[in-house]
Amino acid sequence: MTRVPVLEIGGTHVTAAVVDTAAGRPVAGSVVRRPVAAGAGAGAAELLDSFAEAAGDVAEPGMAHWGVAVPGPFDYASGVGRFRGIGKFESLDGVDVGAGLLARMPYAETIGFLNDADAFALGEHHSGAAAQHGRSVCVTLGTGVGSSFLRDGRPVTEGPDVPPDGRAHHITVDGLPLEEVVSRKAVRARYARSAGLDGTATAPDVRAIAELARAADPHAVAAIDGCFTALGRALAPWCAAFRPDVMVVGGSMAASWDLIGPALRTGLTAGAGAEGPRAAAAVATMALRTARRPDDAPLIGAAQWVLTHHERSHPPAQGPSLAGSPAAGAPHVARP
C-alpha cells in the first residue's frame with residue numbers, strides 16, 4: 001500500500017487524490033477538486049453522490065482502502081454524520097455516510113474517517129512544517145478555527161494539557177466561543193463595526209479586508225489585529241500547558257500571513273505573559289510557521305492514517321511496531 005486513495009471533504013469542495021505514501025505527496029495529475037453545496041438546500045443523496053463522483057475520478061484497480069477527511073461534528077468510528085444545527089451538511093445529520101459511500105463506491109472495501117484538522121496536522125507532521133517535531137499544534141483558519149495537538153505524530157484529544165477533544169473551537173475568549181471572535185464571519189463583523197457599516201452583509205470578504213489592511217486602512221488593520229491577537233491570547237494557555245515545539249498555521253486565511261502572523265505572535269506573547277514566567281518562556285521558544293503543504297497536507301494525512309491502520313490490522317511477519325502510530329486501534333467502516 002504505497003498508493004492510497006483519499007477524499008478531503010470541505011464546506012465548499014471535495015478533493016479526491018491518490019497519495020504516494022513513500023514520496024509523501026499526491027501522485028502527479030491525480031488530484032480532482034469539485035465544488036460542493038454544503039448548505040441547507042443540498043440533500044443527503046446529492047452530497048453523497050458528489051463525494052463518490054470525485055472518488056470515481058481517481059479510483060484505480062486494487063485501491064480497496066480509502067481515507068476520508070471530514071469536518072466535525074462526526075462519529076468517525078461509525079461513519080455517521082452529527083451535523084445538527086451548524087449550518088453545513090445538515091442533511092447528513094444522522095446519516096450513515098460510510099454505508100452511503102460504500103454503496104456508491106464498489107471499488108472500496110473499507111473507508112477510514114478522520115477529522116479534517118487531524119488530517120492536516122498529520123500531513124504537516126509527515127512531510128511539512130511539523131516534521132521532525134515531537135510536539136506540535138496545527139491550526140487551520142477558514143470559515144472557523146480547526147486544531148490538532150500532536151504528540152509523536154498522534155492526535156491528543158484528552159487530558160489537562162489540551163482543550164476538550166483537542167479542539168480549539170471549544171475555547172472561550174472573554175466569555176464568547178472562539179469562533180465568534182476569530183473566523184471569517186468574525187473578521188467581517190469586526191470590520192463592519194469599526195467602519196460603521198450596517199452589519200456584515202455590506203462588509204468586504206476577508207481577502208479584501210487583508211488588501212485594505214496592507215494599504216493601511218485603519219478599520220481593516222483593527223479587524224485583522226483584533227481578531228488574531230485574540231486568537232493568540234486564547235491559544236497561549238494551552239500552548240504553555242502542552243509545550244509544543246512548533247505551531248503550524250494553515251487554511252485559507254493563512255494566505256495573509258504577513259498580517260496574521262505578527263498579530264498572532266503578539267497575542268501568544270501577551271496571553272502567555274499573563275499566565276506567568278514559565279508559560280511565557282514555553283511560548284517564547286515555540287516556533288510559529290505557516291503550513292509547508294497547505295493544499296496537500298490533509299490528503300497526505302488521510303493517506304498516512306489509512307496506511308498505518310491497515311498495517312496495524314495486517315502486520316508484517318517482521319518489522320517495527322506501529323504501536324505509536326496515529327491510527328492505533330482506530331476502526332474502518334467495512335463492506336459487509
# chains A, B, ... in the order shown; residues from 1 in each chain; ligands from 1
$ residues_around --residues "stretch 85-102 of chain A" --least-positions-apart "4" --cutoff "8 Å" --atoms "only C-alpha atoms" --output "PyMOL selection string"
chain A and resi 11+38-40+42-44+48+51-52+78-81+106+108-111+333+335
$ residues_around --residues "stretch 250-253 of chain A" --least-positions-apart "2" --cutoff "7 Å" --atoms "only C-alpha atoms" --output "list in words"
Val139, Thr140, Leu141, Gly142, Val248, Ala255, Ser256, Thr290, Ala291 and Pro294 of chain A
$ residues_around --residues "stretch 258-271 of chain A" --least-positions-apart "5" --cutoff "7 Å" --atoms "only C-alpha atoms" --output "PyMOL selection string"
chain A and resi 224-225+228-233+235-237+280+283
$ closest_residue --among "A:Arg3, A:His219, A:His125, A:His65" --to "A:Ser194" --atoms "only C-alpha atoms"
A:His219
$ atom_distance --atom1 "atom CA of A:Glu124" --atom2 "atom CA of A:Val32"
20.5 Å
$ closest_residue --among "A:Ser183, A:Thr172, A:Ser127, A:Ser30" --to "A:Ile300" --atoms "only C-alpha atoms"
A:Ser127
$ residues_around --residues "A:Asp20" --least-positions-apart "5" --cutoff "7 Å" --atoms "only C-alpha atoms" --output "MDAnalysis selection string"
chainID A and resid 2:4 25:27
$ decode --residues "stretch 212-236 of chain A" --atoms "N, CA and C atoms" --output "mmCIF file, in the first residue's frame"
data_model
loop_
_atom_site.group_PDB
_atom_site.id
_atom_site.type_symbol
_atom_site.label_atom_id
_atom_site.label_comp_id
_atom_site.auth_asym_id
_atom_site.auth_seq_id
_atom_site.Cartn_x
_atom_site.Cartn_y
_atom_site.Cartn_z
ATOM 1 N N LEU A 212 -7.002 45.790 2.136
ATOM 2 C CA LEU A 212 -7.190 47.124 2.723
ATOM 3 C C LEU A 212 -6.205 47.348 3.868
ATOM 4 N N ALA A 213 -5.967 46.313 4.662
ATOM 5 C CA ALA A 213 -5.013 46.435 5.770
ATOM 6 C C ALA A 213 -3.606 46.701 5.246
ATOM 7 N N ARG A 214 -3.244 46.065 4.144
ATOM 8 C CA ARG A 214 -1.919 46.308 3.560
ATOM 9 C C ARG A 214 -1.797 47.744 3.056
ATOM 10 N N ALA A 215 -2.942 48.330 2.729
ATOM 11 C CA ALA A 215 -2.955 49.724 2.285
ATOM 12 C C ALA A 215 -3.157 50.691 3.451
ATOM 13 N N ALA A 216 -3.038 50.161 4.680
ATOM 14 C CA ALA A 216 -3.095 50.953 5.918
ATOM 15 C C ALA A 216 -4.481 51.495 6.223
ATOM 16 N N ASP A 217 -5.519 50.839 5.714
ATOM 17 C CA ASP A 217 -6.874 51.221 6.102
ATOM 18 C C ASP A 217 -7.054 50.927 7.596
ATOM 19 N N PRO A 218 -7.393 51.925 8.409
ATOM 20 C CA PRO A 218 -7.418 51.709 9.864
ATOM 21 C C PRO A 218 -8.464 50.698 10.319
ATOM 22 N N HIS A 219 -9.598 50.641 9.631
ATOM 23 C CA HIS A 219 -10.643 49.692 10.026
ATOM 24 C C HIS A 219 -10.216 48.256 9.724
ATOM 25 N N ALA A 220 -9.566 48.076 8.588
ATOM 26 C CA ALA A 220 -9.087 46.740 8.234
ATOM 27 C C ALA A 220 -7.960 46.305 9.166
ATOM 28 N N VAL A 221 -7.045 47.221 9.466
ATOM 29 C CA VAL A 221 -5.953 46.902 10.392
ATOM 30 C C VAL A 221 -6.511 46.514 11.748
ATOM 31 N N ALA A 222 -7.505 47.260 12.230
ATOM 32 C CA ALA A 222 -8.110 46.974 13.530
ATOM 33 C C ALA A 222 -8.795 45.610 13.532
ATOM 34 N N ALA A 223 -9.443 45.262 12.425
ATOM 35 C CA ALA A 223 -10.139 43.977 12.349
ATOM 36 C C ALA A 223 -9.155 42.818 12.379
ATOM 37 N N ILE A 224 -8.115 42.895 11.554
ATOM 38 C CA ILE A 224 -7.123 41.809 11.500
ATOM 39 C C ILE A 224 -6.376 41.700 12.827
ATOM 40 N N ASP A 225 -5.873 42.809 13.324
ATOM 41 C CA ASP A 225 -5.111 42.775 14.564
ATOM 42 C C ASP A 225 -5.969 42.297 15.724
ATOM 43 N N GLY A 226 -7.192 42.798 15.809
ATOM 44 C CA GLY A 226 -8.057 42.437 16.929
ATOM 45 C C GLY A 226 -8.394 40.958 16.946
ATOM 46 N N CYS A 227 -8.758 40.409 15.799
ATOM 47 C CA CYS A 227 -9.164 39.005 15.734
ATOM 48 C C CYS A 227 -8.001 38.071 16.021
ATOM 49 N N PHE A 228 -6.846 38.340 15.431
ATOM 50 C CA PHE A 228 -5.768 37.355 15.535
ATOM 51 C C PHE A 228 -4.911 37.542 16.782
ATOM 52 N N THR A 229 -4.931 38.723 17.359
ATOM 53 C CA THR A 229 -4.367 38.875 18.696
ATOM 54 C C THR A 229 -5.212 38.099 19.698
ATOM 55 N N ALA A 230 -6.541 38.160 19.527
ATOM 56 C CA ALA A 230 -7.438 37.396 20.402
ATOM 57 C C ALA A 230 -7.206 35.897 20.251
ATOM 58 N N LEU A 231 -6.963 35.440 19.034
ATOM 59 C CA LEU A 231 -6.669 34.017 18.827
ATOM 60 C C LEU A 231 -5.400 33.628 19.585
ATOM 61 N N GLY A 232 -4.371 34.456 19.500
ATOM 62 C CA GLY A 232 -3.139 34.170 20.224
ATOM 63 C C GLY A 232 -3.366 34.110 21.726
ATOM 64 N N ARG A 233 -4.130 35.052 22.261
ATOM 65 C CA ARG A 233 -4.411 35.038 23.700
ATOM 66 C C ARG A 233 -5.167 33.775 24.097
ATOM 67 N N ALA A 234 -6.073 33.327 23.238
ATOM 68 C CA ALA A 234 -6.860 32.129 23.543
ATOM 69 C C ALA A 234 -6.020 30.869 23.523
ATOM 70 N N LEU A 235 -5.083 30.795 22.585
ATOM 71 C CA LEU A 235 -4.260 29.594 22.451
ATOM 72 C C LEU A 235 -3.092 29.556 23.438
ATOM 73 N N ALA A 236 -2.673 30.704 23.931
ATOM 74 C CA ALA A 236 -1.467 30.782 24.748
ATOM 75 C C ALA A 236 -1.484 29.858 25.965
#
